[in-house]
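What follows is the content of model-v6.txt (compact mmCIF, C-alpha atoms).
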```txt
# COMPACT_ATOMS: atom_id res chain seq x y z
CA MET A 1 103.01 -36.36 192.69
CA SER A 2 100.61 -39.36 192.62
CA ASP A 3 97.12 -39.29 191.08
CA ASN A 4 95.58 -39.69 194.55
CA THR A 5 97.53 -36.70 195.85
CA ILE A 6 96.46 -34.58 192.86
CA HIS A 7 92.83 -35.65 193.34
CA MET A 8 93.00 -34.77 197.04
CA LYS A 9 94.44 -31.38 196.12
CA TYR A 10 91.38 -30.56 194.00
CA GLN A 11 89.00 -31.92 196.64
CA LEU A 12 90.56 -29.62 199.23
CA LYS A 13 90.46 -26.72 196.75
CA PHE A 14 86.73 -27.28 196.25
CA ILE A 15 85.93 -27.77 199.94
CA ILE A 16 88.02 -24.97 201.45
CA LEU A 17 87.28 -22.24 198.90
CA SER A 18 83.57 -23.12 198.74
CA LEU A 19 83.30 -23.02 202.53
CA ILE A 20 84.89 -19.57 202.50
CA GLY A 21 82.34 -18.49 199.87
CA ILE A 22 79.45 -19.93 201.91
CA PHE A 23 80.66 -18.08 204.99
CA LEU A 24 81.04 -14.76 203.16
CA PHE A 25 77.79 -14.79 201.17
CA MET A 26 75.36 -17.21 202.83
CA THR A 27 76.07 -17.26 206.58
CA PRO A 28 73.96 -14.96 208.78
CA ILE A 29 76.00 -13.34 211.54
CA GLN A 30 75.19 -10.90 214.31
CA TYR A 31 77.03 -7.60 213.88
CA LYS A 32 76.27 -4.45 215.86
CA GLY A 33 72.95 -5.92 216.94
CA GLN A 34 71.76 -6.79 213.43
CA THR A 35 71.64 -9.95 211.34
CA ASN A 36 73.73 -9.66 208.20
CA ILE A 37 76.19 -11.58 206.01
CA PRO A 38 79.96 -10.99 206.15
CA VAL A 39 80.28 -9.54 202.65
CA ALA A 40 77.59 -6.93 203.41
CA VAL A 41 79.33 -6.11 206.72
CA LEU A 42 82.61 -5.60 204.87
CA ALA A 43 80.85 -3.33 202.38
CA GLU A 44 79.19 -1.25 205.10
CA GLU A 45 82.46 -0.86 207.05
CA LEU A 46 84.34 0.21 203.92
CA GLN A 47 81.55 2.69 203.14
CA VAL A 48 81.95 4.22 206.60
CA PHE A 49 85.76 4.28 206.24
CA LEU A 50 85.61 6.03 202.86
CA GLY A 51 83.04 8.57 204.06
CA HIS A 52 82.64 11.39 201.55
CA GLY A 53 85.29 9.77 199.38
CA ALA A 54 82.77 7.06 198.44
CA THR A 55 80.34 9.68 197.08
CA LEU A 56 83.10 11.37 195.09
CA LEU A 57 84.26 8.02 193.70
CA VAL A 58 80.70 7.16 192.62
CA LEU A 59 80.46 10.50 190.78
CA LEU A 60 83.80 9.82 189.08
CA LEU A 61 82.82 6.30 187.99
CA ILE A 62 79.44 7.43 186.64
CA SER A 63 81.19 10.21 184.67
CA ILE A 64 83.81 7.78 183.31
CA SER A 65 81.00 5.43 182.25
CA ALA A 66 79.10 8.15 180.38
CA ILE A 67 82.08 9.94 178.82
CA GLY A 68 83.82 6.69 177.86
CA SER A 69 80.67 5.40 176.14
CA LEU A 70 80.17 8.72 174.34
CA VAL A 71 83.78 8.81 173.11
CA ILE A 72 83.62 5.24 171.79
CA THR A 73 80.27 5.94 170.08
CA ILE A 74 81.60 9.11 168.39
CA THR A 75 84.85 7.45 167.30
CA LYS A 76 83.09 4.51 165.64
CA LYS A 77 82.53 1.87 168.26
CA ASN A 78 82.99 -0.94 165.72
CA GLN A 79 86.71 -0.38 166.10
CA ILE A 80 86.44 -1.57 169.72
CA PRO A 81 85.45 -5.27 169.73
CA GLU A 82 82.87 -6.21 172.37
CA ASP A 83 85.02 -9.09 173.62
CA THR A 84 87.73 -6.67 174.82
CA LEU A 85 87.59 -5.03 178.25
CA LEU A 86 87.02 -1.55 176.78
CA GLY A 87 84.36 -2.88 174.44
CA ARG A 88 82.57 -4.70 177.23
CA LEU A 89 82.57 -1.64 179.47
CA PHE A 90 81.82 1.16 177.01
CA ASN A 91 80.48 -0.27 173.73
CA VAL A 92 76.76 0.24 174.38
CA GLY A 93 73.70 1.00 172.28
CA PRO A 94 72.00 4.42 172.00
CA VAL A 95 69.44 3.74 174.77
CA TRP A 96 72.06 2.78 177.37
CA LEU A 97 74.33 5.62 176.23
CA THR A 98 71.46 8.07 176.82
CA ILE A 99 70.75 6.62 180.28
CA ARG A 100 74.44 6.78 181.23
CA LEU A 101 74.59 10.45 180.16
CA ILE A 102 71.41 11.23 182.11
CA GLY A 103 72.89 9.43 185.10
CA MET A 104 76.02 11.57 184.90
CA ILE A 105 74.03 14.82 184.61
CA ILE A 106 71.82 13.90 187.58
CA ALA A 107 74.87 12.84 189.61
CA ILE A 108 76.60 16.19 188.95
CA ILE A 109 73.42 18.14 189.81
CA THR A 110 73.01 16.13 193.01
CA TYR A 111 76.64 16.28 194.13
CA PHE A 112 76.96 20.04 193.60
CA GLU A 113 73.30 20.80 194.47
CA LEU A 114 72.64 22.66 191.23
CA GLY A 115 69.33 23.78 189.78
CA TRP A 116 66.03 22.17 190.77
CA GLY A 117 66.09 21.11 194.41
CA ALA A 118 63.67 18.23 193.82
CA ILE A 119 66.44 16.36 192.00
CA TYR A 120 69.13 16.61 194.66
CA ASN A 121 67.16 16.72 197.92
CA GLY A 122 67.47 13.97 200.49
CA GLU A 123 64.28 12.21 199.39
CA ASN A 124 65.33 11.84 195.75
CA GLY A 125 68.82 12.09 194.24
CA GLY A 126 70.33 12.83 197.65
CA MET A 127 68.96 9.55 198.98
CA LEU A 128 70.92 7.70 196.29
CA LEU A 129 74.09 9.82 196.09
CA SER A 130 75.32 10.66 199.58
CA ASP A 131 77.92 9.40 202.04
CA ASP A 132 75.45 6.89 203.51
CA GLY A 133 73.28 6.57 200.40
CA LEU A 134 72.48 3.57 198.25
CA LEU A 135 75.13 4.23 195.59
CA SER A 136 77.93 4.50 198.14
CA PHE A 137 76.84 1.13 199.51
CA LEU A 138 76.60 -0.35 196.00
CA LEU A 139 80.13 0.94 195.29
CA THR A 140 81.54 -1.08 198.17
CA VAL A 141 79.28 -4.12 197.88
CA PHE A 142 80.13 -4.38 194.17
CA LEU A 143 83.82 -4.30 195.08
CA PHE A 144 83.58 -7.19 197.53
CA ALA A 145 81.00 -9.10 195.49
CA GLY A 146 83.12 -8.83 192.35
CA LEU A 147 86.28 -9.90 194.15
CA LEU A 148 84.71 -12.74 196.13
CA LEU A 149 81.83 -14.12 194.01
CA PRO A 150 84.18 -16.49 192.15
CA LEU A 151 84.47 -18.43 195.43
CA LEU A 152 80.82 -19.37 194.98
CA LEU A 153 80.88 -19.75 191.21
CA ASN A 154 84.18 -21.20 190.10
CA PHE A 155 85.30 -23.89 192.52
CA GLY A 156 82.53 -26.49 192.51
CA LEU A 157 79.87 -25.32 194.97
CA MET A 158 77.33 -24.59 192.24
CA GLU A 159 77.81 -28.06 190.76
CA LEU A 160 77.18 -29.78 194.10
CA ILE A 161 74.17 -27.63 195.03
CA GLY A 162 72.76 -28.00 191.53
CA SER A 163 72.79 -31.77 191.74
CA LEU A 164 71.28 -31.83 195.26
CA PHE A 165 68.39 -29.47 194.54
CA THR A 166 67.47 -30.31 190.94
CA LYS A 167 64.58 -32.57 191.96
CA ILE A 168 63.09 -29.72 193.99
CA MET A 169 63.74 -26.64 191.84
CA ARG A 170 62.83 -28.14 188.45
CA PRO A 171 59.31 -29.40 189.21
CA LEU A 172 58.35 -26.53 191.52
CA PHE A 173 59.93 -23.49 189.86
CA LYS A 174 61.22 -24.76 186.47
CA LEU A 175 64.75 -23.75 187.44
CA PRO A 176 68.16 -25.44 187.77
CA GLY A 177 69.10 -26.69 191.21
CA ARG A 178 72.14 -24.39 191.29
CA SER A 179 69.80 -21.37 191.40
CA THR A 180 69.29 -22.24 195.08
CA VAL A 181 72.61 -20.48 195.76
CA ASP A 182 71.32 -17.27 194.14
CA ASN A 183 68.17 -17.43 196.22
CA LEU A 184 69.95 -17.96 199.54
CA THR A 185 72.46 -15.22 198.74
CA SER A 186 69.61 -12.73 198.25
CA TRP A 187 67.67 -13.94 201.28
CA PHE A 188 70.57 -13.76 203.72
CA GLY A 189 72.40 -10.88 202.11
CA ASP A 190 71.19 -8.51 199.44
CA GLY A 191 68.93 -8.74 196.38
CA THR A 192 71.43 -6.87 194.21
CA VAL A 193 74.13 -9.45 194.96
CA GLY A 194 71.65 -12.15 193.92
CA VAL A 195 71.05 -10.34 190.61
CA LEU A 196 74.79 -10.03 189.99
CA LEU A 197 75.25 -13.74 190.72
CA THR A 198 72.39 -14.61 188.35
CA ASN A 199 73.79 -12.38 185.60
CA GLN A 200 77.22 -14.01 185.79
CA GLN A 201 75.74 -17.51 185.67
CA TYR A 202 73.66 -16.48 182.65
CA GLU A 203 76.66 -15.00 180.83
CA GLN A 204 78.64 -18.21 181.45
CA GLY A 205 75.94 -20.42 179.91
CA TYR A 206 74.53 -22.01 183.07
CA TYR A 207 71.10 -20.37 182.78
CA THR A 208 68.93 -19.80 179.74
CA LYS A 209 67.31 -16.42 179.07
CA ARG A 210 64.06 -17.59 180.65
CA GLU A 211 65.76 -19.05 183.72
CA ALA A 212 67.85 -15.92 184.31
CA ALA A 213 64.76 -13.71 183.98
CA VAL A 214 62.74 -15.88 186.38
CA ILE A 215 65.51 -15.97 189.00
CA GLY A 216 66.27 -12.24 188.73
CA THR A 217 62.62 -11.13 189.05
CA THR A 218 61.26 -13.84 191.36
CA PHE A 219 64.07 -14.93 193.67
CA SER A 220 66.25 -11.82 194.09
CA VAL A 221 64.38 -11.27 197.31
CA VAL A 222 64.87 -8.56 199.87
CA SER A 223 67.30 -9.48 202.60
CA ILE A 224 66.16 -10.25 206.12
CA THR A 225 67.95 -7.10 207.29
CA PHE A 226 66.04 -4.79 204.95
CA THR A 227 62.77 -6.51 205.80
CA ILE A 228 63.43 -5.82 209.48
CA SER A 229 63.99 -2.13 208.63
CA ILE A 230 60.59 -1.94 206.93
CA ILE A 231 58.84 -3.71 209.80
CA GLN A 232 60.48 -1.30 212.27
CA GLN A 233 59.35 1.67 210.16
CA VAL A 234 55.68 0.61 210.39
CA ASP A 235 56.06 -0.11 214.13
CA LEU A 236 55.18 -3.82 213.93
CA MET A 237 58.30 -5.47 215.35
CA ASN A 238 56.06 -7.12 217.94
CA MET A 239 54.53 -9.03 215.00
CA PHE A 240 57.76 -9.91 213.22
CA LEU A 241 57.18 -13.68 212.99
CA PRO A 242 53.61 -13.57 211.61
CA LEU A 243 54.55 -10.75 209.23
CA TYR A 244 57.66 -12.51 207.96
CA GLY A 245 55.68 -15.74 207.69
CA THR A 246 53.12 -13.91 205.55
CA ILE A 247 55.90 -12.55 203.32
CA PHE A 248 57.29 -16.08 202.91
CA VAL A 249 53.91 -17.61 202.00
CA ALA A 250 53.01 -14.82 199.54
CA GLY A 251 56.48 -14.96 197.97
CA LEU A 252 56.23 -18.74 197.58
CA VAL A 253 52.85 -18.45 195.85
CA ALA A 254 54.28 -15.86 193.45
CA ALA A 255 57.34 -18.03 192.79
CA LEU A 256 55.10 -20.99 191.87
CA ILE A 257 52.87 -18.96 189.53
CA MET A 258 55.13 -16.36 187.86
CA PRO A 259 57.38 -18.78 185.88
CA ARG A 260 54.24 -20.41 184.40
CA ILE A 261 52.57 -17.27 182.99
CA PRO A 262 53.61 -14.54 180.53
CA PRO A 263 55.80 -12.61 180.22
CA LEU A 264 58.30 -14.93 181.92
CA SER A 265 56.92 -18.13 180.40
CA ARG A 266 57.31 -16.68 176.87
CA ILE A 267 61.00 -15.84 177.18
CA PRO A 268 62.85 -18.48 175.13
CA ASP A 269 65.12 -21.09 176.68
CA GLU A 270 68.10 -19.79 174.72
CA LEU A 271 71.63 -19.19 175.91
CA TYR A 272 73.45 -15.88 176.15
CA GLN A 273 75.00 -14.79 172.84
CA GLU A 274 77.35 -17.50 171.55
CA GLN A 275 77.57 -19.50 174.75
CA SER A 276 77.39 -23.28 174.53
CA GLU A 277 75.32 -25.28 177.00
CA GLN A 278 77.19 -25.54 180.30
CA LEU A 279 74.55 -27.33 182.34
CA ASP A 280 73.52 -31.00 182.26
CA GLU A 281 71.49 -32.02 185.31
CA SER A 282 71.03 -35.68 184.43
CA ILE A 283 72.44 -38.19 186.93
CA PRO A 284 74.46 -41.00 185.25
CA LYS A 285 73.85 -44.61 186.20
CA GLY A 286 75.83 -45.68 189.26
CA TYR A 287 75.64 -42.25 190.95
CA ASN A 288 73.23 -40.60 193.35
CA VAL A 289 72.60 -36.86 193.54
CA PHE A 290 75.37 -36.33 196.11
CA SER A 291 78.10 -38.52 194.61
CA TRP A 292 77.50 -37.09 191.12
CA GLY A 293 77.40 -33.53 192.42
CA TYR A 294 80.61 -34.09 194.38
CA LYS A 295 82.38 -35.55 191.35
CA GLN A 296 81.31 -32.56 189.20
CA ALA A 297 82.42 -30.15 191.93
CA VAL A 298 85.93 -31.63 192.10
CA GLU A 299 86.19 -31.53 188.29
CA ARG A 300 85.15 -27.88 188.35
CA ALA A 301 87.81 -27.13 190.98
CA LYS A 302 90.37 -28.85 188.76
CA GLU A 303 89.45 -26.60 185.81
CA SER A 304 89.26 -23.40 187.90
CA PRO A 305 91.69 -20.53 187.29
CA GLY A 306 94.92 -20.00 189.22
CA VAL A 307 95.69 -16.91 191.27
CA MET A 308 96.34 -14.60 188.30
CA GLY A 309 93.32 -15.92 186.42
CA TYR A 310 91.19 -15.40 189.53
CA LEU A 311 92.39 -11.81 189.97
CA LYS A 312 91.77 -11.03 186.30
CA LEU A 313 88.23 -12.42 186.50
CA ALA A 314 87.50 -10.62 189.78
CA THR A 315 88.77 -7.27 188.45
CA LYS A 316 86.61 -7.60 185.34
CA ASN A 317 83.60 -8.37 187.56
CA VAL A 318 84.13 -5.23 189.67
CA LEU A 319 84.58 -2.94 186.66
CA ASP A 320 81.52 -4.43 184.94
CA MET A 321 79.38 -3.59 187.95
CA TRP A 322 80.82 -0.17 188.64
CA ILE A 323 80.71 1.10 185.05
CA GLY A 324 77.52 -0.66 183.99
CA VAL A 325 75.23 -0.46 187.00
CA LEU A 326 75.96 2.74 188.97
CA PRO A 327 74.81 5.22 186.26
CA ILE A 328 71.62 3.20 185.61
CA VAL A 329 70.61 3.24 189.27
CA MET A 330 71.41 6.97 189.48
CA ALA A 331 69.31 7.84 186.42
CA VAL A 332 66.35 5.51 186.74
CA GLY A 333 66.18 5.60 190.53
CA THR A 334 66.26 9.40 190.80
CA ILE A 335 63.66 9.94 188.07
CA GLY A 336 61.36 7.40 189.71
CA LEU A 337 61.77 9.01 193.13
CA VAL A 338 61.15 12.52 191.75
CA VAL A 339 57.93 11.35 190.10
CA ALA A 340 56.85 9.59 193.30
CA ASN A 341 57.62 12.50 195.61
CA THR A 342 56.64 15.54 193.53
CA THR A 343 53.62 14.40 191.51
CA PRO A 344 50.29 12.70 192.25
CA VAL A 345 50.94 10.04 189.59
CA PHE A 346 51.13 7.13 192.02
CA SER A 347 48.06 8.34 193.91
CA TRP A 348 46.15 8.34 190.63
CA LEU A 349 47.43 4.88 189.78
CA GLY A 350 46.24 3.61 193.15
CA VAL A 351 42.65 4.83 192.71
CA PRO A 352 41.42 1.61 191.00
CA PHE A 353 42.62 -0.34 194.04
CA VAL A 354 40.39 1.54 196.49
CA PRO A 355 37.23 -0.52 195.73
CA LEU A 356 39.28 -3.73 195.78
CA LEU A 357 40.81 -2.92 199.17
CA GLU A 358 37.42 -1.91 200.54
CA LEU A 359 35.98 -5.20 199.26
CA MET A 360 38.80 -6.99 201.09
CA GLN A 361 37.79 -5.03 204.23
CA ILE A 362 41.12 -3.23 204.62
CA PRO A 363 40.75 -0.17 206.91
CA GLU A 364 41.77 3.22 205.46
CA ALA A 365 41.70 1.80 201.95
CA LYS A 366 42.42 5.14 200.24
CA ALA A 367 45.66 5.69 202.17
CA ALA A 368 46.69 2.11 201.45
CA SER A 369 45.91 2.44 197.72
CA GLU A 370 48.34 5.36 197.35
CA THR A 371 51.23 3.09 198.34
CA ILE A 372 50.45 0.20 195.97
CA PHE A 373 52.48 1.45 193.00
CA ILE A 374 54.93 3.75 194.71
CA GLY A 375 56.96 0.70 195.75
CA PHE A 376 58.00 0.39 192.11
CA THR A 377 60.33 3.36 192.60
CA ASP A 378 61.70 2.46 196.02
CA MET A 379 60.71 -0.34 198.39
CA PHE A 380 60.98 1.82 201.49
CA LEU A 381 58.52 4.50 200.30
CA PRO A 382 55.30 2.54 201.08
CA ALA A 383 56.46 2.09 204.68
CA LEU A 384 57.18 5.83 204.97
CA LEU A 385 53.76 6.76 203.60
CA ILE A 386 51.76 4.24 205.63
CA GLU A 387 53.50 4.62 209.01
CA SER A 388 51.00 7.26 210.21
CA VAL A 389 47.94 5.11 209.46
CA ALA A 390 46.26 4.02 212.66
CA SER A 391 45.21 0.51 211.61
CA ASP A 392 47.73 -2.23 212.43
CA MET A 393 46.16 -4.45 209.78
CA THR A 394 46.63 -1.83 207.04
CA ARG A 395 50.26 -1.25 207.99
CA PHE A 396 50.75 -5.03 208.13
CA VAL A 397 49.36 -5.53 204.59
CA ILE A 398 51.34 -2.68 203.01
CA ALA A 399 54.60 -3.66 204.73
CA ALA A 400 54.29 -7.25 203.52
CA LEU A 401 53.24 -6.20 200.02
CA SER A 402 56.14 -3.75 199.63
CA VAL A 403 58.58 -6.61 200.29
CA VAL A 404 57.02 -9.26 198.03
CA GLN A 405 56.52 -6.84 195.12
CA LEU A 406 60.32 -7.19 194.92
CA ILE A 407 60.89 -5.02 191.81
CA TYR A 408 61.93 -1.45 192.62
CA LEU A 409 63.89 0.92 190.43
CA SER A 410 66.19 2.43 193.04
CA GLU A 411 67.99 -0.90 193.55
CA VAL A 412 67.01 -4.38 192.25
CA GLY A 413 65.09 -3.02 189.24
CA GLY A 414 67.91 -0.68 188.26
CA VAL A 415 70.51 -3.44 188.60
CA LEU A 416 68.35 -5.81 186.52
CA LEU A 417 67.98 -3.22 183.75
CA ALA A 418 71.73 -2.65 183.73
CA SER A 419 72.52 -6.38 183.56
CA ASN A 420 72.37 -8.71 180.56
CA VAL A 421 69.39 -10.57 182.02
CA PRO A 422 66.66 -10.25 179.33
CA ILE A 423 64.37 -7.92 181.27
CA ASN A 424 63.43 -4.56 179.76
CA PHE A 425 61.43 -1.74 181.35
CA LYS A 426 58.10 -2.92 179.91
CA ARG A 427 58.57 -6.44 181.26
CA LEU A 428 59.65 -5.00 184.60
CA ILE A 429 56.38 -3.06 184.94
CA ILE A 430 54.25 -6.07 183.92
CA ILE A 431 56.05 -8.36 186.38
CA PHE A 432 55.62 -5.80 189.17
CA LEU A 433 51.87 -5.57 188.47
CA LEU A 434 51.45 -9.34 188.30
CA ARG A 435 53.33 -9.86 191.56
CA THR A 436 51.07 -7.25 193.17
CA LEU A 437 47.86 -8.88 191.91
CA ILE A 438 49.00 -12.39 192.89
CA THR A 439 50.35 -11.61 196.35
CA LEU A 440 47.85 -8.99 197.58
CA PRO A 441 44.96 -11.47 198.11
CA VAL A 442 47.32 -13.89 199.89
CA ILE A 443 48.58 -11.17 202.24
CA VAL A 444 45.09 -9.87 202.95
CA ALA A 445 43.83 -13.40 203.70
CA MET A 446 46.73 -13.97 206.11
CA ALA A 447 46.09 -10.56 207.72
CA HIS A 448 42.44 -11.40 208.37
CA ILE A 449 43.49 -14.70 209.97
CA ILE A 450 46.08 -12.97 212.18
CA PHE A 451 43.92 -9.97 213.13
```
Would you write out, as structure tokens, the structure that this file holds?
Amino acid sequence: MSDNTIHMKYQLKFIILSLIGIFLFMTPIQYKGQTNIPVAVLAEELQVFLGHGATLLVLLLISISAIGSLVITITKKNQIPEDTLLGRLFNVGPVWLTIRLIGMIIAIITYFELGWGAIYNGENGGMLLSDDGLLSFLLTVFLFAGLLLPLLLNFGLMELIGSLFTKIMRPLFKLPGRSTVDNLTSWFGDGTVGVLLTNQQYEQGYYTKREAAVIGTTFSVVSITFTISIIQQVDLMNMFLPLYGTIFVAGLVAALIMPRIPPLSRIPDELYQEQSEQLDESIPKGYNVFSWGYKQAVERAKESPGVMGYLKLATKNVLDMWIGVLPIVMAVGTIGLVVANTTPVFSWLGVPFVPLLELMQIPEAKAASETIFIGFTDMFLPALLIESVASDMTRFVIAALSVVQLIYLSEVGGVLLASNVPINFKRLIIIFLLRTLITLPVIVAMAHIIF
């Protein structure tokens, strides 16, 4: 086989597999009257096919995660190296072990409807663990994301995109050009998939700690589909374009500011564990951004794994997500929802915002203030609480704010905490508050212009 034939083989490998990845993760399609991406459609259809089996499988995986971690901790976890599959899945510290055990207990209580009803009812644990609940969807989306993400990551697309967008992403957001793929994946598909993509790039040495944290908390945006659901809930579909435009402007302002201020700006530009630098965005003499990106992409395709290597990597991805993320979302999400739905904590937290909202001339400021912090537990809760408010402007502001706050424990926040991205609970709260303070004035200003 000639050198030209071999080179063409790797070019076709890059082009064909990357195009498949783009179609699956980044191409909006119409399905059953809604805009979605193919990988999310596959996940939803599998969820429907599995029915109650999905809920039972989630319970089983959460239990395996907790019991496996407990067994390895009791039997001296040092005997299980972290670079082995068992070590990677179950060798965790005391904090994560505790959360996994809590997740298992809450999952059992919810599945069998034991004890305190506030834990398992349909507004709390039952919203997460049910046949059509969040965890059943995460089960299936993690399966397809884990199996198919290598098409985006391992065959050259990231190298080409990185080269093309470096001159935009670096000066504006202090991020590598390849992070554009993460952003588009979240925007068209699902924020959790964006977080998973970011985490894998970070673990492979393509992002530093700071870059991974910025992308995960600033660009793992809510999908168009979920945004439409929120807008429908507050009965403002007739204002979709101005509302979505407001969300875009406010999100852009936050994306420009957040990487430049603490806590994100203080996270060091260090690589994950013992990883060596994988990313060099300089363009050698004699190349432009496209020709250099294309050359790197073909080289990446040449180095990519074969079929067995691909299947091994994909299987590891799926197990990582199932064992590591599901119990965290179950534990943290349910506790957050119980606090939000059974206590006045979030109403109290919103009290300081009443004078601010009144100063900004937002009608029914007290009702609006009660939703400000509740979005930290679940992004859909503000829309549920504000839907009965008469003022279109107030519903407009809260709907937009709930989307651009971005961090919520029942999904993106829980997945971030379960990942290796350097974001702990304290940082998550601070980032949520900062995003609220930065975006609220922008949204209110836009609302006054529109109304």
Might you pull out every residue within 9 Å of Ser69 (chain A), with only C-alpha atoms counted and same-chain residues fewer than 3 positions away left off, and present them as a compact mmCIF listing (two decimals) with C-alpha atoms, in the frame of the given file?
```txt
# COMPACT_ATOMS: atom_id res chain seq x y z
CA ILE A 64 83.81 7.78 183.31
CA SER A 65 81.00 5.43 182.25
CA ALA A 66 79.10 8.15 180.38
CA ILE A 72 83.62 5.24 171.79
CA THR A 73 80.27 5.94 170.08
CA ILE A 74 81.60 9.11 168.39
CA LYS A 77 82.53 1.87 168.26
CA LEU A 89 82.57 -1.64 179.47
CA PHE A 90 81.82 1.16 177.01
CA ASN A 91 80.48 -0.27 173.73
CA VAL A 92 76.76 0.24 174.38
CA LEU A 97 74.33 5.62 176.23
CA ARG A 100 74.44 6.78 181.23
CA LEU A 101 74.59 10.45 180.16
```
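Compared by their closest atoms to Tyr206 (chain A), and using all atoms listed in the file, the residues A:Pro242, A:Glu281, A:Gly251, A:Arg266 rank with A:Glu281 nearest.
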From A:Leu271, A:Val181, A:Ala301, A:Val58, residue lying nearest His7 (chain A) [all atoms listed in the file]: A:Ala301
Between CA of Phe144 (chain A) and CA of Trp96 (chain A) - distance in Å to one decimal: 25.3 Å
Pairwise distance for CA of Ile247 (chain A) and CA of Leu401 (chain A), rounded to one decimal in Å: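 Value for the CA of Ile247 (chain A)-CA of Leu401 (chain A) distance: 7.6 Å.
With distances taken over all atoms listed in the file, A:Ile323 is the one residue among A:Ile323, A:Val404, A:Met169, A:Leu149 lying closest to Gly87 (chain A).
Of the residues listed (A:Ile20, A:Val298, A:Leu311, A:Ile335), A:Ile20 shows the shortest atom-to-atom separation from Leu151 (chain A); distances use all atoms listed in the file.
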Minimum-distance residue to Val329 (chain A), chosen among A:Pro262, A:Gly413, A:Pro28, A:Gly51 (using only C-alpha atoms):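 Between A:Pro262, A:Gly413, A:Pro28, A:Gly51, the residue approaching Val329 (chain A) most closely is A:Gly413.
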Distance in Å - CA of Arg88 (chain A) versus CA of Ser63 (chain A):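 Separation of CA of Arg88 (chain A) and CA of Ser63 (chain A): 16.7 Å.
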Close residues, Gly115 (chain A) itself excluded, 12 Å, all atoms listed in the file, min 6 positions apart in chain, as a PyMOL selection string: chain A and resi 105-106+108-109+121
Of the listed residues A:Leu148, A:Leu243, A:Val421, A:Ile430, that which approaches Glu270 (chain A) most closely, counting all atoms listed in the file: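 Among A:Leu148, A:Leu243, A:Val421, A:Ile430, it is A:Val421 that comes nearest to Glu270 (chain A).
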When you look at Met393 (chain A) with a cut-off of 9 Å (counting only C-alpha atoms), what residues show up, excluding the ones that are within fewer than 3 positions of it in the same chain? I need them as an mmCIF file with C-alpha atoms, in the coordinates of the input.
```cif
data_model
loop_
_atom_site.group_PDB
_atom_site.id
_atom_site.type_symbol
_atom_site.label_atom_id
_atom_site.label_comp_id
_atom_site.auth_asym_id
_atom_site.auth_seq_id
_atom_site.Cartn_x
_atom_site.Cartn_y
_atom_site.Cartn_z
ATOM 1 C CA ILE A 362 41.120 -3.230 204.620
ATOM 2 C CA PRO A 363 40.750 -0.170 206.910
ATOM 3 C CA ALA A 390 46.260 4.020 212.660
ATOM 4 C CA PHE A 396 50.750 -5.030 208.130
ATOM 5 C CA VAL A 397 49.360 -5.530 204.590
ATOM 6 C CA ILE A 398 51.340 -2.680 203.010
ATOM 7 C CA VAL A 444 45.090 -9.870 202.950
ATOM 8 C CA ALA A 447 46.090 -10.560 207.720
ATOM 9 C CA HIS A 448 42.440 -11.400 208.370
ATOM 10 C CA ILE A 450 46.080 -12.970 212.180
ATOM 11 C CA PHE A 451 43.920 -9.970 213.130
#
```
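Omitting Gly21 (chain A) and its sequence neighbours fewer than 6 positions away, and counting all atoms listed in the file, the residues within 10 Å are A:Ile15, A:Thr27, A:Val39, A:Leu148, A:Leu149, A:Pro150, A:Leu151, A:Leu152, A:Leu153, A:Phe155, A:Leu157.
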Shell of 8 Å around Gly125 (chain A), all atoms listed in the file, local chain residues under 2 positions omitted, as number ranges by chain: A: 106-107, 110, 119-123, 127-129, 330, 333-334, 337
